[in-house]
file final04.txt (compact mmCIF, C-alpha atoms)
# COMPACT_ATOMS: atom_id res chain seq x y z
CA MET A 453 7.39 6.06 -23.50
CA ALA A 454 8.12 9.36 -21.79
CA TYR A 455 10.88 9.83 -19.22
CA ILE A 456 11.55 12.11 -16.28
CA LEU A 457 14.96 13.13 -14.91
CA LEU A 458 15.23 12.18 -11.24
CA PHE A 459 18.33 11.59 -9.11
CA GLY A 460 20.49 12.06 -12.21
CA PHE A 461 18.77 9.24 -14.12
CA PHE A 462 16.09 9.22 -16.78
CA LEU A 463 13.25 7.14 -15.37
CA PRO A 464 10.04 6.01 -17.10
CA LEU A 465 7.11 8.32 -16.48
CA VAL A 466 3.70 6.69 -16.34
CA LEU A 467 1.40 8.97 -18.31
CA GLN A 468 -2.26 8.64 -17.41
CA SER A 469 -4.08 11.58 -18.95
CA SER A 470 -7.45 10.09 -18.02
CA LEU A 471 -6.63 9.85 -14.32
CA VAL A 472 -7.76 13.41 -13.65
CA LEU A 473 -11.29 12.39 -14.56
CA CYS A 474 -11.62 10.15 -11.49
CA ASN A 475 -10.27 12.69 -9.00
CA PRO A 476 -12.56 14.67 -6.72
CA PRO A 477 -12.56 18.22 -8.14
CA GLU A 478 -10.75 19.56 -5.08
CA LEU A 479 -7.77 17.21 -5.60
CA LYS A 480 -5.27 18.27 -8.21
CA VAL A 481 -1.66 17.79 -9.18
CA GLY A 482 0.31 20.77 -7.90
CA PHE A 483 -2.15 21.72 -5.14
CA TYR A 484 0.75 23.20 -3.13
CA GLN A 485 2.28 25.05 -6.07
CA TYR A 486 2.04 28.43 -4.34
CA THR A 487 1.73 27.51 -0.65
CA CYS A 488 4.58 24.96 -0.43
CA PRO A 489 6.22 24.69 -3.86
CA TYR A 490 9.02 22.33 -2.80
CA VAL A 491 6.83 19.83 -0.94
CA GLU A 492 7.59 16.92 -3.27
CA VAL A 493 11.31 17.69 -3.39
CA ILE A 494 11.47 17.79 0.42
CA ILE A 495 9.61 14.49 0.75
CA ARG A 496 11.62 12.73 -1.92
CA ASP A 497 14.94 13.89 -0.53
CA GLU A 498 13.98 12.63 2.92
CA MET A 499 12.67 9.33 1.58
CA THR A 500 15.78 8.79 -0.52
CA LYS A 501 17.90 9.00 2.63
CA ILE A 502 15.60 6.77 4.66
CA ILE A 503 15.12 4.01 2.09
CA SER A 504 18.84 3.94 1.32
CA HIS A 505 19.49 3.19 4.99
CA VAL A 506 16.39 1.08 5.78
CA PRO A 507 15.11 -0.43 2.50
CA SER A 508 12.79 -2.77 4.40
CA LEU A 509 10.55 0.22 5.22
CA ALA A 510 9.34 0.53 1.62
CA GLY A 511 6.73 -2.21 1.93
CA PRO A 512 5.28 -1.05 5.26
CA LEU A 513 5.04 2.57 4.10
CA LEU A 514 3.21 1.55 0.93
CA ARG A 515 0.91 -0.65 3.01
CA MET A 516 0.25 2.22 5.42
CA HIS A 517 -1.37 4.26 2.63
CA PHE A 518 -3.59 1.28 1.73
CA HIS A 519 -4.63 0.81 5.35
CA ASP A 520 -5.42 4.49 5.68
CA CYS A 521 -7.57 4.76 2.55
CA PHE A 522 -9.58 1.60 3.19
CA VAL A 523 -10.74 2.86 6.60
CA ASN A 524 -13.11 5.79 6.14
CA GLY A 525 -11.07 7.24 3.30
CA CYS A 526 -7.59 8.70 2.83
CA ASP A 527 -7.59 11.04 5.82
CA ALA A 528 -4.48 9.98 7.80
CA SER A 529 -6.65 8.49 10.55
CA ILE A 530 -4.15 5.60 10.66
CA LEU A 531 -1.59 8.01 12.15
CA LEU A 532 -3.60 9.21 15.15
CA ASP A 533 -2.58 7.98 18.59
CA SER A 534 -5.13 6.53 20.97
CA LEU A 535 -6.78 8.68 23.60
CA PRO A 536 -7.69 7.49 27.11
CA GLY A 537 -10.54 5.04 26.69
CA LEU A 538 -10.60 5.59 22.91
CA PRO A 539 -8.21 3.19 21.14
CA SER A 540 -7.31 4.32 17.61
CA GLU A 541 -6.81 2.39 14.38
CA LYS A 542 -3.18 1.80 15.35
CA GLU A 543 -4.40 -0.58 18.07
CA SER A 544 -6.41 -2.76 15.67
CA ILE A 545 -5.06 -6.23 14.91
CA PRO A 546 -4.48 -5.60 11.17
CA ASN A 547 -2.36 -2.55 12.01
CA LEU A 548 -0.24 -3.91 14.85
CA SER A 549 2.48 -4.96 12.41
CA LEU A 550 2.66 -1.62 10.59
CA ARG A 551 6.02 0.16 10.71
CA GLY A 552 7.18 3.56 9.56
CA PHE A 553 5.21 5.96 11.75
CA GLY A 554 8.47 7.60 12.79
CA THR A 555 9.33 8.13 9.12
CA ILE A 556 6.09 10.02 8.55
CA ASP A 557 6.83 12.13 11.64
CA LEU A 558 10.29 13.00 10.28
CA VAL A 559 8.86 14.02 6.92
CA LYS A 560 6.14 16.07 8.58
CA ALA A 561 8.72 17.86 10.76
CA LYS A 562 10.72 18.82 7.65
CA LEU A 563 7.61 20.20 5.99
CA GLU A 564 6.56 22.11 9.09
CA GLN A 565 9.94 23.86 9.04
CA ALA A 566 9.48 24.84 5.40
CA CYS A 567 5.72 25.46 5.25
CA PRO A 568 4.11 25.52 8.73
CA GLY A 569 0.56 24.24 8.86
CA VAL A 570 0.21 23.77 5.11
CA VAL A 571 0.75 20.15 4.01
CA SER A 572 -1.66 17.55 5.33
CA CYS A 573 -0.57 14.22 6.75
CA ALA A 574 -2.98 12.51 4.34
CA ASP A 575 -1.09 14.00 1.38
CA ILE A 576 2.22 13.02 2.96
CA LEU A 577 1.07 9.37 3.07
CA ALA A 578 0.09 9.47 -0.61
CA LEU A 579 3.37 11.08 -1.70
CA VAL A 580 5.51 8.81 0.46
CA ALA A 581 3.75 5.75 -1.00
CA ARG A 582 4.53 6.94 -4.52
CA ASP A 583 8.16 7.66 -3.63
CA VAL A 584 8.88 4.29 -1.99
CA VAL A 585 7.60 2.61 -5.15
CA LEU A 586 9.84 4.83 -7.29
CA LEU A 587 12.85 4.29 -5.03
CA THR A 588 12.46 0.50 -5.31
CA HIS A 589 12.58 0.65 -9.13
CA GLY A 590 8.85 1.02 -9.69
CA PRO A 591 6.98 3.66 -11.71
CA PHE A 592 6.65 7.38 -11.14
CA TRP A 593 3.22 9.02 -11.36
CA ASP A 594 1.76 12.41 -10.56
CA VAL A 595 -0.08 12.39 -7.22
CA PRO A 596 -3.15 14.65 -6.98
CA THR A 597 -3.05 16.47 -3.64
CA GLY A 598 -5.33 18.62 -1.54
CA ARG A 599 -6.50 16.05 1.02
CA ARG A 600 -7.28 17.23 4.53
CA ASP A 601 -6.74 15.25 7.73
CA GLY A 602 -9.54 13.54 9.60
CA MET A 603 -10.27 13.97 13.29
CA ARG A 604 -11.59 10.48 14.06
CA SER A 605 -9.72 7.20 14.47
CA VAL A 606 -11.50 4.18 15.96
CA LYS A 607 -9.92 0.77 16.52
CA ASP A 608 -12.91 -1.27 15.31
CA ASP A 609 -13.18 0.72 12.08
CA ALA A 610 -9.91 -0.81 10.88
CA LEU A 611 -11.01 -4.35 11.72
CA ASN A 612 -14.30 -3.85 9.88
CA ASN A 613 -12.90 -2.19 6.74
CA LEU A 614 -9.54 -3.79 5.92
CA PRO A 615 -9.68 -6.84 3.61
CA PRO A 616 -8.28 -9.77 5.63
CA PRO A 617 -5.69 -12.14 4.14
CA PHE A 618 -7.74 -15.23 5.04
CA LEU A 619 -10.80 -14.40 2.90
CA ASP A 620 -10.96 -15.41 -0.74
CA ALA A 621 -10.52 -12.79 -3.44
CA THR A 622 -14.18 -12.74 -4.49
CA ARG A 623 -15.47 -12.08 -0.99
CA ASN A 624 -12.86 -9.38 -0.46
CA LEU A 625 -13.81 -7.79 -3.78
CA TYR A 626 -17.51 -7.48 -2.98
CA GLN A 627 -17.16 -6.76 0.73
CA PHE A 628 -14.24 -4.31 0.73
CA PHE A 629 -13.19 -3.10 -2.73
CA ILE A 630 -16.44 -2.45 -4.61
CA PRO A 631 -18.03 -0.40 -1.77
CA LYS A 632 -15.04 1.95 -2.11
CA GLY A 633 -15.42 2.33 -5.86
CA LEU A 634 -12.61 -0.10 -6.67
CA ASP A 635 -13.15 -2.97 -9.09
CA ALA A 636 -11.63 -6.37 -9.83
CA LYS A 637 -8.84 -4.87 -11.89
CA ASP A 638 -7.92 -2.49 -9.05
CA GLN A 639 -7.89 -5.46 -6.69
CA VAL A 640 -5.52 -7.65 -8.74
CA VAL A 641 -3.31 -4.64 -9.50
CA LEU A 642 -3.08 -3.30 -5.95
CA LEU A 643 -2.34 -6.77 -4.56
CA GLY A 644 0.69 -6.70 -6.84
CA GLY A 645 2.08 -4.26 -4.27
CA HIS A 646 2.81 -7.33 -2.16
CA THR A 647 5.98 -7.60 -4.22
CA LEU A 648 7.39 -5.34 -1.48
CA GLY A 649 7.72 -6.35 2.13
CA THR A 650 7.19 -9.21 4.54
CA SER A 651 4.42 -10.85 6.53
CA HIS A 652 4.20 -12.36 9.99
CA CYS A 653 3.68 -16.13 10.05
CA SER A 654 0.45 -15.61 12.00
CA SER A 655 -1.17 -14.04 8.91
CA PHE A 656 -1.08 -17.32 6.98
CA SER A 657 -0.22 -20.13 9.45
CA ASP A 658 -3.70 -21.63 9.10
CA ARG A 659 -2.81 -22.45 5.49
CA LEU A 660 0.14 -24.49 6.72
CA TYR A 661 -1.35 -26.35 9.67
CA ASN A 662 -5.14 -26.21 9.78
CA PHE A 663 -6.77 -24.96 6.61
CA SER A 664 -10.54 -24.62 7.06
CA GLY A 665 -10.39 -26.81 10.18
CA THR A 666 -8.95 -29.82 8.31
CA LEU A 667 -5.67 -30.01 10.30
CA MET A 668 -4.03 -30.13 6.86
CA PRO A 669 -2.30 -27.56 4.65
CA ASP A 670 -4.24 -25.57 2.07
CA PRO A 671 -4.32 -27.81 -1.03
CA SER A 672 -3.86 -24.76 -3.27
CA LEU A 673 -0.40 -24.17 -1.79
CA ASP A 674 2.50 -25.63 -3.75
CA ARG A 675 3.24 -28.95 -2.02
CA GLN A 676 6.98 -28.46 -2.33
CA TYR A 677 6.73 -24.99 -0.79
CA VAL A 678 4.78 -26.02 2.33
CA PRO A 679 7.72 -27.78 4.07
CA ARG A 680 9.95 -24.77 3.43
CA LEU A 681 7.40 -22.43 4.98
CA LYS A 682 6.97 -24.74 7.96
CA THR A 683 10.71 -24.58 8.68
CA LYS A 684 10.32 -20.80 9.00
CA CYS A 685 6.94 -20.73 10.74
CA ALA A 686 6.34 -23.10 13.62
CA GLN A 687 2.78 -23.49 14.87
CA GLY A 688 1.85 -20.51 17.04
CA ASP A 689 4.73 -18.35 15.76
CA THR A 690 3.64 -14.71 15.88
CA ARG A 691 7.03 -13.02 15.51
CA THR A 692 8.84 -14.41 12.47
CA LEU A 693 8.71 -12.42 9.24
CA VAL A 694 8.58 -14.10 5.83
CA GLU A 695 9.22 -12.42 2.48
CA MET A 696 6.03 -12.16 0.43
CA ASP A 697 8.03 -12.12 -2.81
CA PRO A 698 11.09 -14.24 -1.98
CA GLY A 699 14.31 -12.91 -3.46
CA SER A 700 12.67 -9.72 -4.71
CA PHE A 701 10.91 -8.30 -1.66
CA ARG A 702 12.83 -5.01 -1.86
CA THR A 703 12.22 -4.44 -5.58
CA PHE A 704 8.96 -3.25 -7.08
CA ASP A 705 8.33 -5.49 -10.08
CA THR A 706 5.97 -8.16 -11.43
CA SER A 707 7.72 -11.13 -9.84
CA TYR A 708 5.00 -11.44 -7.18
CA TYR A 709 2.62 -12.55 -9.91
CA ARG A 710 4.97 -15.46 -10.61
CA VAL A 711 4.67 -16.35 -6.92
CA ILE A 712 0.87 -16.41 -7.19
CA ALA A 713 0.95 -18.40 -10.45
CA LYS A 714 3.15 -21.04 -8.80
CA GLY A 715 0.77 -21.47 -5.87
CA ARG A 716 3.19 -19.84 -3.47
CA ALA A 717 1.31 -16.73 -2.36
CA LEU A 718 1.18 -16.54 1.42
CA PHE A 719 -2.40 -15.27 1.62
CA THR A 720 -5.69 -16.85 0.61
CA SER A 721 -6.80 -13.42 -0.60
CA ASP A 722 -3.97 -13.42 -3.16
CA GLU A 723 -3.82 -17.07 -4.21
CA THR A 724 -7.55 -17.17 -4.95
CA LEU A 725 -7.05 -14.56 -7.66
CA MET A 726 -6.30 -17.66 -9.74
CA LEU A 727 -9.92 -18.83 -9.44
CA ASP A 728 -11.48 -15.97 -11.41
CA PRO A 729 -10.88 -15.95 -15.19
CA PHE A 730 -10.25 -12.19 -15.38
CA THR A 731 -7.83 -11.93 -12.46
CA ARG A 732 -6.17 -15.24 -13.38
CA ASP A 733 -5.47 -13.93 -16.88
CA TYR A 734 -3.96 -10.76 -15.44
CA VAL A 735 -1.77 -12.72 -13.02
CA LEU A 736 -0.50 -15.05 -15.75
CA ARG A 737 0.15 -12.17 -18.14
CA GLN A 738 2.28 -10.30 -15.59
CA ALA A 739 4.01 -13.51 -14.50
CA ALA A 740 5.06 -14.04 -18.11
CA VAL A 741 6.48 -10.52 -18.23
CA ALA A 742 8.55 -11.27 -15.14
CA ALA A 743 9.71 -14.61 -16.51
CA ASP A 744 10.85 -13.01 -19.77
CA GLY A 745 12.57 -10.08 -18.03
CA ARG A 746 10.52 -7.56 -20.01
CA TYR A 747 9.75 -4.04 -18.84
CA PRO A 748 6.38 -4.25 -17.00
CA ALA A 749 4.71 -1.36 -18.81
CA GLU A 750 1.15 -2.65 -18.38
CA PHE A 751 1.45 -3.32 -14.64
CA PHE A 752 3.30 -0.08 -13.94
CA GLY A 753 0.65 1.93 -15.76
CA ASP A 754 -2.17 0.02 -14.10
CA PHE A 755 -0.63 0.35 -10.65
CA ALA A 756 -0.26 4.11 -11.04
CA ALA A 757 -3.90 4.41 -12.15
CA SER A 758 -5.21 2.26 -9.29
CA MET A 759 -3.13 4.15 -6.73
CA VAL A 760 -4.56 7.47 -7.89
CA LYS A 761 -8.05 5.94 -7.79
CA MET A 762 -7.57 4.47 -4.32
CA GLY A 763 -5.97 7.71 -3.11
CA SER A 764 -9.20 9.54 -3.98
CA VAL A 765 -11.48 7.37 -1.82
CA GLN A 766 -13.65 9.40 0.58
CA VAL A 767 -11.15 12.23 0.81
CA LEU A 768 -11.74 15.34 2.91
CA THR A 769 -11.14 18.55 0.98
CA GLY A 770 -11.91 22.25 1.16
CA ALA A 771 -13.18 23.22 4.60
CA ARG A 772 -13.68 19.66 5.79
CA GLY A 773 -11.14 18.17 8.17
CA GLN A 774 -7.95 19.98 9.16
CA VAL A 775 -4.22 20.13 8.53
CA ARG A 776 -2.53 18.60 11.57
CA ARG A 777 0.66 20.12 12.90
CA ARG A 778 1.60 16.70 14.33
CA CYS A 779 0.33 13.67 12.45
CA ALA A 780 -0.33 11.68 15.62
CA ALA A 781 -2.70 14.21 17.20
CA VAL A 782 -5.70 16.30 16.17
CA ASN A 783 -5.14 20.05 16.35
CA PRO A 784 -6.84 21.18 19.59
CA MET A 785 -8.45 24.21 17.94
CA TYR A 786 -10.69 21.85 15.93
CA MET A 787 -11.84 19.75 18.88
call {"tool": "encode", "arguments": {"input": "final04.txt", "output": "structure tokens"}}
result
Amino acid sequence: MAYILLFGFFLPLVLQSSLVLCNPPELKVGFYQYTCPYVEVIIRDEMTKIISHVPSLAGPLLRMHFHDCFVNGCDASILLDSLPGLPSEKESIPNLSLRGFGTIDLVKAKLEQACPGVVSCADILALVARDVVLLTHGPFWDVPTGRRDGMRSVKDDALNNLPPPFLDATRNLYQFFIPKGLDAKDQVVLLGGHTLGTSHCSSFSDRLYNFSGTLMPDPSLDRQYVPRLKTKCAQGDTRTLVEMDPGSFRTFDTSYYRVIAKGRALFTSDETLMLDPFTRDYVLRQAAVAADGRYPAEFFGDFAASMVKMGSVQVLTGARGQVRRRCAAVNPMYM
């Protein structure tokens, strides 16, 4: 195990020498070495301050990177504001609960002071996602950079490309993950990111009150857990937030796999990982690591690899796209 000195502590460094092989040739670690050499220091310093004051933002900021990459690639289209008559991805139902846009704006402003017009918003999302994982006791990994920002953001694109929580894992795999070059292992690993953050009751209330039109709870949900969830989520509740990984929703670890193994995952997409032999074995293996209190070396390494892989989906590089000066708006010179 190798270690890196950060914040005065020696932290485990996830070494993935093979990761470079799956990167588009234009993406590379240290892309800003000469044009903005302190980009990662600036971002990490800012994120350290923000997460220390608002730790609940870690989950949403990690999720934001997922939601960006799954919709036409990692091009920061999730950050664009709507235009008159042209609603953006922000307006789509799966993105209405996203938080942290102001954080990205703060980071971008810091970078514009240091290196005007150099660092893309798409790279900021990737680096912020890595840093919130690190700052919540997860792994560190090198993030290949060099992404450019897209100039298109359409509301319906998000609805059509983001894997919904109410579909089973197999359907999500074939409909949403595989078309993006992500496989079953990436799916079970990336869903482990649900160890951070919360969910609105409306994302899983059907499993409590009317699963598949039966007017009954989902039988795969732990029977003892259903009454507890119902006390938090009344029928029709669209505002209440529930921890996805109760008791550990601000710490990046393998405890969420214990939640799945117990039949207590909030989402059908996560609980049905137990129906496939490969993903079930992975869930149970990581749940055992959590139960024993062991260092989650396998999951941390796998998560780093899958994040790099996901962060390379349909990226814009070279002369394609642009580098926005404000993440919420396309630079007018490109329009």
call {"tool": "closest_residue", "arguments": {"input": "final04.txt", "among": "A:Tyr626, A:Phe719, A:Phe701, A:Tyr708", "to": "Phe663 (chain A)", "atoms": "all atoms listed in the file"}}
result
A:Phe719
call {"tool": "closest_atom_pairs", "arguments": {"input": "final04.txt", "of": "region 683-778 of chain A", "to": "region 498-517 of chain A", "cutoff": "12 Å", "atoms": "all atoms listed in the file", "output": "JSON lines"}}
result
{"residue": "A:Leu693", "atom": "CA", "partner": "A:Ser508", "partner_atom": "CA", "distance": 11.5}
{"residue": "A:Glu695", "atom": "CA", "partner": "A:Ser508", "partner_atom": "CA", "distance": 10.5}
{"residue": "A:Met696", "atom": "CA", "partner": "A:Gly511", "partner_atom": "CA", "distance": 10.1}
{"residue": "A:Asp697", "atom": "CA", "partner": "A:Gly511", "partner_atom": "CA", "distance": 11.1}
{"residue": "A:Ser700", "atom": "CA", "partner": "A:Ser508", "partner_atom": "CA", "distance": 11.5}
{"residue": "A:Phe701", "atom": "CA", "partner": "A:Gly511", "partner_atom": "CA", "distance": 8.2}
{"residue": "A:Arg702", "atom": "CA", "partner": "A:Ser508", "partner_atom": "CA", "distance": 6.6}
{"residue": "A:Thr703", "atom": "CA", "partner": "A:Ala510", "partner_atom": "CA", "distance": 9.2}
{"residue": "A:Phe704", "atom": "CA", "partner": "A:Gly511", "partner_atom": "CA", "distance": 9.3}
{"residue": "A:Met759", "atom": "CA", "partner": "A:His517", "partner_atom": "CA", "distance": 9.5}
{"residue": "A:Val760", "atom": "CA", "partner": "A:His517", "partner_atom": "CA", "distance": 11.5}
{"residue": "A:Met762", "atom": "CA", "partner": "A:His517", "partner_atom": "CA", "distance": 9.3}
{"residue": "A:Gly763", "atom": "CA", "partner": "A:His517", "partner_atom": "CA", "distance": 8.1}
{"residue": "A:Ser764", "atom": "CA", "partner": "A:His517", "partner_atom": "CA", "distance": 11.5}
{"residue": "A:Val765", "atom": "CA", "partner": "A:His517", "partner_atom": "CA", "distance": 11.5}
call {"tool": "closest_residue", "arguments": {"input": "final04.txt", "among": "A:Ser540, A:Asn547, A:Asn612, A:Thr597", "to": "Gly482 (chain A)", "atoms": "all atoms listed in the file"}}
result
A:Thr597
call {"tool": "atom_distance", "arguments": {"input": "final04.txt", "atom1": "CA of Ser657 (chain A)", "atom2": "CA of Leu681 (chain A)"}}
result
9.1 Å
call {"tool": "atom_distance", "arguments": {"input": "final04.txt", "atom1": "CA of Phe618 (chain A)", "atom2": "CA of Phe656 (chain A)"}}
result
7.2 Å
call {"tool": "closest_residue", "arguments": {"input": "final04.txt", "among": "A:Leu648, A:Ile556, A:Val641, A:Cys653", "to": "His589 (chain A)", "atoms": "only C-alpha atoms"}}
result
A:Leu648
call {"tool": "residues_around", "arguments": {"input": "final04.txt", "residues": "Val775 (chain A)", "least_positions_apart": "4", "cutoff": "7 Å", "atoms": "all atoms listed in the file", "output": "ChimeraX atom specification"}}
result
/A:569-572,600-601
call {"tool": "atom_distance", "arguments": {"input": "final04.txt", "atom1": "CA of Tyr747 (chain A)", "atom2": "CA of Pro591 (chain A)"}}
result
10.9 Å
call {"tool": "closest_residue", "arguments": {"input": "final04.txt", "among": "A:Pro729, A:Gly602, A:Gly552, A:Gly770", "to": "Ser529 (chain A)", "atoms": "all atoms listed in the file"}}
result
A:Gly602
call {"tool": "closest_residue", "arguments": {"input": "final04.txt", "among": "A:Asp722, A:Asp527, A:Asp705, A:Glu543", "to": "Val585 (chain A)", "atoms": "all atoms listed in the file"}}
result
A:Asp705
call {"tool": "residues_around", "arguments": {"input": "final04.txt", "residues": "Thr720 (chain A)", "least_positions_apart": "2", "cutoff": "10 Å", "atoms": "only C-alpha atoms", "output": "ChimeraX atom specification"}}
result
/A:616-621,655-656,658-659,670,672-673,717-718,722-725
call {"tool": "closest_residue", "arguments": {"input": "final04.txt", "among": "A:Phe755, A:Tyr484, A:Tyr709, A:Tyr490", "to": "Val741 (chain A)", "atoms": "all atoms listed in the file"}}
result
A:Tyr709
call {"tool": "residues_around", "arguments": {"input": "final04.txt", "residues": "Asp638 (chain A)", "least_positions_apart": "6", "cutoff": "10 Å", "atoms": "only C-alpha atoms", "output": "list in words"}}
result
Leu625, Phe629, Ile630, Gly644, Asp754, Phe755, Ala757, Ser758, Met759, Lys761 and Met762 of chain A
